[in-house]
$ cat protein11.pdb   # PDB, C-alpha atoms, pLDDT in the B column
ATOM      1  CA  ARG A 289     -24.589 -14.170  11.406  1.00 83.00           C
ATOM      2  CA  TYR A 290     -22.167 -13.285  14.142  1.00 87.00           C
ATOM      3  CA  SER A 291     -19.887 -10.675  12.571  1.00 87.00           C
ATOM      4  CA  ALA A 292     -20.946 -10.549   8.903  1.00 88.00           C
ATOM      5  CA  PHE A 293     -24.299  -9.325   7.631  1.00 86.00           C
ATOM      6  CA  GLY A 294     -26.720 -12.031   6.631  1.00 89.00           C
ATOM      7  CA  ASP A 295     -29.791 -12.396   4.496  1.00 93.00           C
ATOM      8  CA  CYS A 296     -33.304 -13.709   4.854  1.00 94.00           C
ATOM      9  CA  GLU A 297     -35.979 -15.494   2.883  1.00 95.00           C
ATOM     10  CA  LEU A 298     -39.673 -15.699   3.665  1.00 95.00           C
ATOM     11  CA  TYR A 299     -41.945 -18.127   1.846  1.00 94.00           C
ATOM     12  CA  ILE A 300     -45.566 -17.106   2.432  1.00 95.00           C
ATOM     13  CA  ARG A 301     -48.967 -17.593   0.782  1.00 95.00           C
ATOM     14  CA  ALA A 302     -49.685 -14.965  -1.887  1.00 95.00           C
ATOM     15  CA  THR A 303     -52.722 -13.058  -0.636  1.00 95.00           C
ATOM     16  CA  ALA A 304     -53.837  -9.496  -1.265  1.00 94.00           C
ATOM     17  CA  ALA A 305     -52.922  -8.619   2.327  1.00 96.00           C
ATOM     18  CA  ASN A 306     -49.425 -10.120   1.960  1.00 96.00           C
ATOM     19  CA  PHE A 307     -48.885  -8.292  -1.348  1.00 93.00           C
ATOM     20  CA  SER A 308     -49.617  -5.001   0.409  1.00 94.00           C
ATOM     21  CA  ILE A 309     -47.417  -5.751   3.446  1.00 95.00           C
ATOM     22  CA  PHE A 310     -44.355  -7.244   1.782  1.00 95.00           C
ATOM     23  CA  GLN A 311     -42.969  -4.471  -0.408  1.00 96.00           C
ATOM     24  CA  LYS A 312     -39.396  -3.705  -1.473  1.00 96.00           C
ATOM     25  CA  GLY A 313     -37.820  -1.344   1.032  1.00 94.00           C
ATOM     26  CA  ASN A 314     -39.977  -2.541   3.962  1.00 95.00           C
ATOM     27  CA  TYR A 315     -38.364  -4.308   6.899  1.00 94.00           C
ATOM     28  CA  LEU A 316     -38.859  -7.795   8.326  1.00 93.00           C
ATOM     29  CA  GLU A 317     -38.483  -8.473  12.026  1.00 91.00           C
ATOM     30  CA  ARG A 318     -39.166 -11.757  13.807  1.00 86.00           C
ATOM     31  CA  SER A 319     -40.697 -11.843  17.259  1.00 87.00           C
ATOM     32  CA  ASP A 320     -38.207 -14.489  18.462  1.00 89.00           C
ATOM     33  CA  ASP A 321     -35.022 -12.843  17.138  1.00 86.00           C
ATOM     34  CA  ASP A 322     -33.626  -9.311  17.056  1.00 87.00           C
ATOM     35  CA  MET A 323     -32.313  -9.472  13.471  1.00 89.00           C
ATOM     36  CA  VAL A 324     -33.975  -7.006  11.098  1.00 94.00           C
ATOM     37  CA  CYS A 325     -33.870  -7.428   7.309  1.00 96.00           C
ATOM     38  CA  ARG A 326     -34.696  -5.003   4.529  1.00 96.00           C
ATOM     39  CA  ILE A 327     -36.812  -6.490   1.735  1.00 97.00           C
ATOM     40  CA  GLU A 328     -34.886  -6.446  -1.520  1.00 96.00           C
ATOM     41  CA  SER A 329     -36.811  -8.797  -3.790  1.00 96.00           C
ATOM     42  CA  ILE A 330     -40.304 -10.260  -4.108  1.00 96.00           C
ATOM     43  CA  GLU A 331     -41.009 -13.220  -6.330  1.00 96.00           C
ATOM     44  CA  LEU A 332     -44.377 -14.801  -7.098  1.00 95.00           C
ATOM     45  CA  ASP A 333     -44.301 -18.588  -7.355  1.00 92.00           C
ATOM     46  CA  THR A 334     -47.440 -20.042  -8.930  1.00 92.00           C
ATOM     47  CA  ASP A 335     -48.170 -23.717  -8.618  1.00 86.00           C
ATOM     48  CA  ALA A 336     -51.442 -25.438  -9.580  1.00 85.00           C
ATOM     49  CA  GLU A 337     -51.058 -28.048  -6.819  1.00 87.00           C
ATOM     50  CA  ASN A 338     -49.828 -25.937  -3.911  1.00 84.00           C
ATOM     51  CA  GLY A 339     -51.253 -22.518  -4.761  1.00 90.00           C
ATOM     52  CA  ASP A 340     -49.496 -19.165  -5.130  1.00 94.00           C
ATOM     53  CA  TYR A 341     -46.656 -18.164  -2.836  1.00 96.00           C
ATOM     54  CA  LEU A 342     -44.497 -15.101  -2.373  1.00 96.00           C
ATOM     55  CA  ILE A 343     -40.778 -15.575  -1.949  1.00 96.00           C
ATOM     56  CA  VAL A 344     -39.576 -12.475  -0.119  1.00 97.00           C
ATOM     57  CA  THR A 345     -35.804 -12.044   0.201  1.00 96.00           C
ATOM     58  CA  GLY A 346     -33.720  -9.373   1.838  1.00 96.00           C
ATOM     59  CA  TYR A 347     -30.547  -8.510   3.677  1.00 96.00           C
ATOM     60  CA  ASP A 348     -29.515  -7.763   7.238  1.00 95.00           C
ATOM     61  CA  VAL A 349     -29.826  -4.021   7.908  1.00 96.00           C
ATOM     62  CA  ARG A 350     -26.144  -3.871   8.939  1.00 96.00           C
ATOM     63  CA  LYS A 351     -25.500  -3.830   5.174  1.00 95.00           C
ATOM     64  CA  ILE A 352     -26.836  -0.254   5.166  1.00 96.00           C
ATOM     65  CA  LEU A 353     -23.551   0.776   6.805  1.00 97.00           C
ATOM     66  CA  ASN A 354     -21.806  -0.147   3.544  1.00 96.00           C
ATOM     67  CA  GLN A 355     -23.662   2.704   1.833  1.00 95.00           C
ATOM     68  CA  ARG A 356     -20.945   4.893   3.331  1.00 97.00           C
ATOM     69  CA  ILE A 357     -17.230   4.834   2.687  1.00 97.00           C
ATOM     70  CA  ILE A 358     -14.697   6.238   5.099  1.00 97.00           C
ATOM     71  CA  ARG A 359     -14.206   9.459   3.156  1.00 94.00           C
ATOM     72  CA  ASP A 360     -11.822  11.309   5.457  1.00 95.00           C
ATOM     73  CA  THR A 361      -8.752   9.474   6.724  1.00 95.00           C
ATOM     74  CA  ILE A 362      -9.085   8.109  10.240  1.00 96.00           C
ATOM     75  CA  ALA A 363      -5.727   7.620  11.963  1.00 96.00           C
ATOM     76  CA  PHE A 364      -6.617   5.731  15.126  1.00 96.00           C
ATOM     77  CA  ASP A 365      -4.743   4.486  18.189  1.00 97.00           C
ATOM     78  CA  GLY A 366      -6.956   3.355  21.072  1.00 97.00           C
ATOM     79  CA  THR A 367      -9.483   0.600  21.708  1.00 98.00           C
ATOM     80  CA  ALA A 368     -11.057  -1.404  18.882  1.00 98.00           C
ATOM     81  CA  GLU A 369     -14.536  -0.597  20.165  1.00 98.00           C
ATOM     82  CA  ASN A 370     -13.814   3.142  20.010  1.00 98.00           C
ATOM     83  CA  PHE A 371     -12.386   2.666  16.494  1.00 98.00           C
ATOM     84  CA  VAL A 372     -15.663   1.056  15.343  1.00 98.00           C
ATOM     85  CA  ARG A 373     -17.705   3.774  17.047  1.00 98.00           C
ATOM     86  CA  LYS A 374     -15.561   6.493  15.478  1.00 98.00           C
ATOM     87  CA  MET A 375     -16.028   5.048  11.978  1.00 98.00           C
ATOM     88  CA  ILE A 376     -19.806   5.000  12.441  1.00 98.00           C
ATOM     89  CA  THR A 377     -19.962   8.452  14.011  1.00 98.00           C
ATOM     90  CA  ALA A 378     -17.703  10.117  11.409  1.00 97.00           C
ATOM     91  CA  ASN A 379     -19.396   8.508   8.402  1.00 97.00           C
ATOM     92  CA  VAL A 380     -22.982   7.596   9.355  1.00 98.00           C
ATOM     93  CA  THR A 381     -24.476   9.237  12.455  1.00 97.00           C
ATOM     94  CA  ASN A 382     -22.615  12.571  12.578  1.00 97.00           C
ATOM     95  CA  PRO A 383     -20.523  13.076   9.419  1.00 97.00           C
ATOM     96  CA  SER A 384     -18.898  16.403   8.579  1.00 95.00           C
ATOM     97  CA  VAL A 385     -21.064  16.590   5.431  1.00 96.00           C
ATOM     98  CA  ALA A 386     -24.671  16.609   6.671  1.00 96.00           C
ATOM     99  CA  ALA A 387     -25.999  15.001   3.466  1.00 96.00           C
ATOM    100  CA  ARG A 388     -24.055  11.813   4.307  1.00 96.00           C
ATOM    101  CA  LYS A 389     -25.927  11.296   7.592  1.00 97.00           C
ATOM    102  CA  ILE A 390     -28.197   8.254   7.854  1.00 97.00           C
ATOM    103  CA  ALA A 391     -30.685   9.528  10.425  1.00 96.00           C
ATOM    104  CA  GLU A 392     -32.272   6.101  11.004  1.00 96.00           C
ATOM    105  CA  ILE A 393     -29.070   4.714  12.595  1.00 97.00           C
ATOM    106  CA  THR A 394     -27.796   5.343  16.122  1.00 97.00           C
ATOM    107  CA  LEU A 395     -25.042   3.881  18.260  1.00 98.00           C
ATOM    108  CA  GLY A 396     -25.915   1.746  21.264  1.00 96.00           C
ATOM    109  CA  VAL A 397     -24.222   2.052  24.641  1.00 96.00           C
ATOM    110  CA  SER A 398     -20.483   1.411  24.717  1.00 97.00           C
ATOM    111  CA  ASN A 399     -19.477  -1.961  26.207  1.00 97.00           C
ATOM    112  CA  GLY A 400     -16.137  -0.722  27.508  1.00 97.00           C
ATOM    113  CA  PHE A 401     -14.145  -3.351  25.580  1.00 97.00           C
ATOM    114  CA  THR A 402     -10.442  -2.622  26.082  1.00 97.00           C
ATOM    115  CA  ASP A 403      -8.859  -4.521  23.177  1.00 97.00           C
ATOM    116  CA  PRO A 404      -6.202  -2.213  21.668  1.00 98.00           C
ATOM    117  CA  TRP A 405      -6.410  -1.148  18.020  1.00 98.00           C
ATOM    118  CA  GLU A 406      -4.149   0.969  15.842  1.00 97.00           C
ATOM    119  CA  GLU A 407      -4.958   1.634  12.200  1.00 97.00           C
ATOM    120  CA  GLN A 408      -5.197   4.270   9.528  1.00 97.00           C
ATOM    121  CA  VAL A 409      -8.106   3.880   7.138  1.00 97.00           C
ATOM    122  CA  THR A 410      -9.482   5.735   4.100  1.00 96.00           C
ATOM    123  CA  PHE A 411     -11.972   4.807   1.351  1.00 96.00           C
ATOM    124  CA  ASP A 412     -13.050   1.466   2.824  1.00 97.00           C
ATOM    125  CA  ARG A 413     -16.746   0.692   3.246  1.00 97.00           C
ATOM    126  CA  VAL A 414     -17.784   1.200   6.856  1.00 98.00           C
ATOM    127  CA  PHE A 415     -19.293  -2.231   7.559  1.00 97.00           C
ATOM    128  CA  ASP A 416     -16.554  -4.096   5.682  1.00 97.00           C
ATOM    129  CA  LYS A 417     -14.055  -2.506   8.060  1.00 97.00           C
ATOM    130  CA  ILE A 418     -16.223  -3.265  11.123  1.00 97.00           C
ATOM    131  CA  GLU A 419     -16.552  -6.881  10.007  1.00 97.00           C
ATOM    132  CA  GLY A 420     -12.748  -7.158   9.788  1.00 97.00           C
ATOM    133  CA  VAL A 421     -12.336  -5.834  13.336  1.00 97.00           C
ATOM    134  CA  CYS A 422     -15.007  -8.217  14.617  1.00 96.00           C
ATOM    135  CA  GLN A 423     -13.482 -11.236  12.890  1.00 96.00           C
ATOM    136  CA  THR A 424     -10.022 -10.383  14.205  1.00 96.00           C
ATOM    137  CA  LEU A 425     -11.233 -10.065  17.806  1.00 96.00           C
ATOM    138  CA  GLY A 426     -13.989 -12.695  17.785  1.00 94.00           C
ATOM    139  CA  TRP A 427     -16.761 -10.136  18.302  1.00 96.00           C
ATOM    140  CA  GLY A 428     -20.256 -10.046  16.942  1.00 95.00           C
ATOM    141  CA  SER A 429     -22.301  -7.074  15.827  1.00 96.00           C
ATOM    142  CA  ARG A 430     -26.008  -6.452  15.454  1.00 95.00           C
ATOM    143  CA  MET A 431     -28.317  -3.682  14.430  1.00 96.00           C
ATOM    144  CA  THR A 432     -31.709  -3.894  16.099  1.00 95.00           C
ATOM    145  CA  LEU A 433     -34.827  -1.795  15.923  1.00 93.00           C
ATOM    146  CA  GLY A 434     -35.078   0.575  18.887  1.00 91.00           C
ATOM    147  CA  GLY A 435     -38.277   1.793  20.508  1.00 87.00           C
ATOM    148  CA  ASP A 436     -38.014   5.091  18.627  1.00 92.00           C
ATOM    149  CA  GLY A 437     -38.029   3.314  15.252  1.00 90.00           C
ATOM    150  CA  LYS A 438     -34.296   3.863  14.661  1.00 95.00           C
ATOM    151  CA  PHE A 439     -31.727   1.139  14.131  1.00 97.00           C
ATOM    152  CA  VAL A 440     -29.299   0.717  17.028  1.00 97.00           C
ATOM    153  CA  PHE A 441     -25.816  -0.642  16.273  1.00 97.00           C
ATOM    154  CA  ASN A 442     -24.089  -2.677  18.983  1.00 97.00           C
ATOM    155  CA  LEU A 443     -21.015  -4.832  19.370  1.00 97.00           C
ATOM    156  CA  TYR A 444     -20.992  -7.904  21.618  1.00 96.00           C
ATOM    157  CA  ARG A 445     -18.896 -10.879  22.621  1.00 93.00           C
ATOM    158  CA  GLY A 446     -20.312 -14.366  22.423  1.00 85.00           C
ATOM    159  CA  LEU A 447     -19.790 -16.904  25.179  1.00 78.00           C
ATOM    160  CA  ASP A 448     -17.276 -19.708  24.638  1.00 72.00           C
ATOM    161  CA  ARG A 449     -19.273 -22.863  25.337  1.00 69.00           C
ATOM    162  CA  SER A 450     -16.554 -25.295  24.266  1.00 68.00           C
ATOM    163  CA  TYR A 451     -15.853 -28.243  26.538  1.00 65.00           C
ATOM    164  CA  ASP A 452     -13.681 -27.692  29.597  1.00 66.00           C
ATOM    165  CA  GLN A 453     -13.588 -30.442  32.223  1.00 63.00           C
ATOM    166  CA  ASN A 454     -13.084 -27.894  34.987  1.00 65.00           C
ATOM    167  CA  GLU A 455     -16.100 -25.796  34.056  1.00 66.00           C
ATOM    168  CA  ASN A 456     -19.806 -26.585  34.177  1.00 68.00           C
ATOM    169  CA  ASP A 457     -20.598 -23.910  31.602  1.00 68.00           C
ATOM    170  CA  PHE A 458     -20.290 -26.045  28.462  1.00 72.00           C
ATOM    171  CA  VAL A 459     -23.034 -27.214  26.113  1.00 76.00           C
ATOM    172  CA  VAL A 460     -23.474 -30.786  24.875  1.00 77.00           C
ATOM    173  CA  PHE A 461     -25.485 -31.619  21.749  1.00 77.00           C
ATOM    174  CA  SER A 462     -26.779 -35.164  21.596  1.00 79.00           C
ATOM    175  CA  PRO A 463     -29.855 -37.115  20.467  1.00 79.00           C
ATOM    176  CA  GLU A 464     -29.863 -38.396  24.062  1.00 81.00           C
ATOM    177  CA  PHE A 465     -30.686 -34.865  25.283  1.00 81.00           C
ATOM    178  CA  ASP A 466     -33.201 -34.301  22.470  1.00 81.00           C
ATOM    179  CA  ASN A 467     -31.440 -31.092  21.367  1.00 83.00           C
ATOM    180  CA  ILE A 468     -30.625 -32.139  17.796  1.00 84.00           C
ATOM    181  CA  SER A 469     -33.578 -31.872  15.435  1.00 78.00           C
ATOM    182  CA  SER A 470     -31.909 -33.512  12.434  1.00 80.00           C
ATOM    183  CA  SER A 471     -28.555 -34.820  11.338  1.00 80.00           C
ATOM    184  CA  LYS A 472     -26.859 -36.011   8.177  1.00 85.00           C
ATOM    185  CA  PHE A 473     -23.811 -38.188   7.690  1.00 85.00           C
ATOM    186  CA  VAL A 474     -21.816 -38.195   4.455  1.00 88.00           C
ATOM    187  CA  SER A 475     -18.681 -40.172   3.662  1.00 88.00           C
ATOM    188  CA  ASN A 476     -16.999 -39.870   0.295  1.00 88.00           C
ATOM    189  CA  SER A 477     -13.570 -39.940  -1.247  1.00 83.00           C
TER     190      SER A 477
END
$ encode --input "protein11.pdb" --output "structure tokens"
Amino acid sequence: RYSAFGDCELYIRATAANFSIFQKGNYLERSDDDMVCRIESIELDTDAENGDYLIVTGYDVRKILNQRIIRDTIAFDGTAENFVRKMITANVTNPSVAARKIAEITLGVSNGFTDPWEEQVTFDRVFDKIEGVCQTLGWGSRMTLGGDGKFVFNLYRGLDRSYDQNENDFVVFSPEFDNISSSKFVSNS
């Protein structure tokens, strides 16, 4: 998901190897996507016809940021990006109370976004507040796995690919271009 945290579901054959790999608290990462999920639930589905399957579900690791509330009031007047970074720094990566630090999370490089932001905040969950900023400004956020095994939080802006006759940068979806795998039409009153 672009600005909100998402979830995941993996449906895989129940083997001894898969039982040992897919454990609550472990992380799932796809090779074709940078989203990382934390496994929250494992369900065994037994079926005489199709065999045994594991249904592994989890949530986007950005949800971990909601394990921290903004304990000390932040009165902020500056850029929205710096506001987000300050909330994470003060409550997750370098809080005044060392026991509140989540050592597995780091901040990525600043983008230099200049959108102004002024707000005073206390006792909100960190990611809930970040999500609000992102939705207001049309930003996305992601938390990826860095080379050092830590999660790296970043903000980004998506590209507007809506149709503009004067631009060649738009995207067209059509069966004619073979870029729609399935479709469904419903009409009801």
$ residues_around --input "protein11.pdb" --residues "Gly426 of chain A" --least-positions-apart "5" --cutoff "10 Å" --atoms "only C-alpha atoms" --output "mmCIF file with C-alpha atoms, in the frame of the given file"
data_model
loop_
_atom_site.group_PDB
_atom_site.id
_atom_site.type_symbol
_atom_site.label_atom_id
_atom_site.label_comp_id
_atom_site.auth_asym_id
_atom_site.auth_seq_id
_atom_site.Cartn_x
_atom_site.Cartn_y
_atom_site.Cartn_z
ATOM 1 C CA TYR A 290 -22.167 -13.285 14.142
ATOM 2 C CA SER A 291 -19.887 -10.675 12.571
ATOM 3 C CA GLY A 420 -12.748 -7.158 9.788
ATOM 4 C CA VAL A 421 -12.336 -5.834 13.336
ATOM 5 C CA TYR A 444 -20.992 -7.904 21.618
ATOM 6 C CA ARG A 445 -18.896 -10.879 22.621
ATOM 7 C CA GLY A 446 -20.312 -14.366 22.423
#
$ atom_distance --input "protein11.pdb" --atom1 "atom CA of Thr367 of chain A" --atom2 "atom CA of Ala386 of chain A"
26.7 Å
$ closest_residue --input "protein11.pdb" --among "A:Ile376, A:Met323, A:Leu342, A:Leu316" --to "Ile300 of chain A" --atoms "all atoms listed in the file"
A:Leu342
$ resolve_selection --input "protein11.pdb" --expression "the PyMOL selection byres ((chain A and resi 326) around 10)" --output "ChimeraX atom specification"
/A:295-296,311-317,324-325,327-329,345-352
$ residues_around --input "protein11.pdb" --residues "Asp403 of chain A" --least-positions-apart "2" --cutoff "7 Å" --atoms "only C-alpha atoms" --output "MDAnalysis selection string"
chainID A and resid 367:368 401 405
$ residues_around --input "protein11.pdb" --residues "segment 357-364 of chain A" --least-positions-apart "2" --cutoff "7 Å" --atoms "all atoms listed in the file" --output "ChimeraX atom specification"
/A:354-355,366,371,379,406-414
$ resolve_selection --input "protein11.pdb" --expression "the PyMOL selection byres ((chain A and resi 432-438) around 7)" --output "PyMOL selection string"
chain A and resi 322-324+392-394+430-431+439-441
$ atom_distance --input "protein11.pdb" --atom1 "atom CA of Asn399 of chain A" --atom2 "atom CA of Lys417 of chain A"
18.9 Å
$ atom_distance --input "protein11.pdb" --atom1 "atom CA of Asp335 of chain A" --atom2 "atom CA of Ala304 of chain A"
17.0 Å
$ axis_aligned_box --input "protein11.pdb" --around "segment 424-436 of chain A" --padding-each-side "5 Å" --output "lines of an AutoDock Vina configuration file"
center_x = -24.1
center_y = -3.8
center_z = 17.4
size_x = 38.3
size_y = 27.8
size_z = 16.3
$ closest_residue --input "protein11.pdb" --among "A:Phe307, A:Pro404, A:Asp466, A:Phe461" --to "Asp365 of chain A" --atoms "all atoms listed in the file"
A:Pro404
$ residues_around --input "protein11.pdb" --residues "Ile390 of chain A" --least-positions-apart "6" --cutoff "9 Å" --atoms "only C-alpha atoms" --output "list in words"
Leu353, Asn379, Val380, Thr381 and Asn382 of chain A
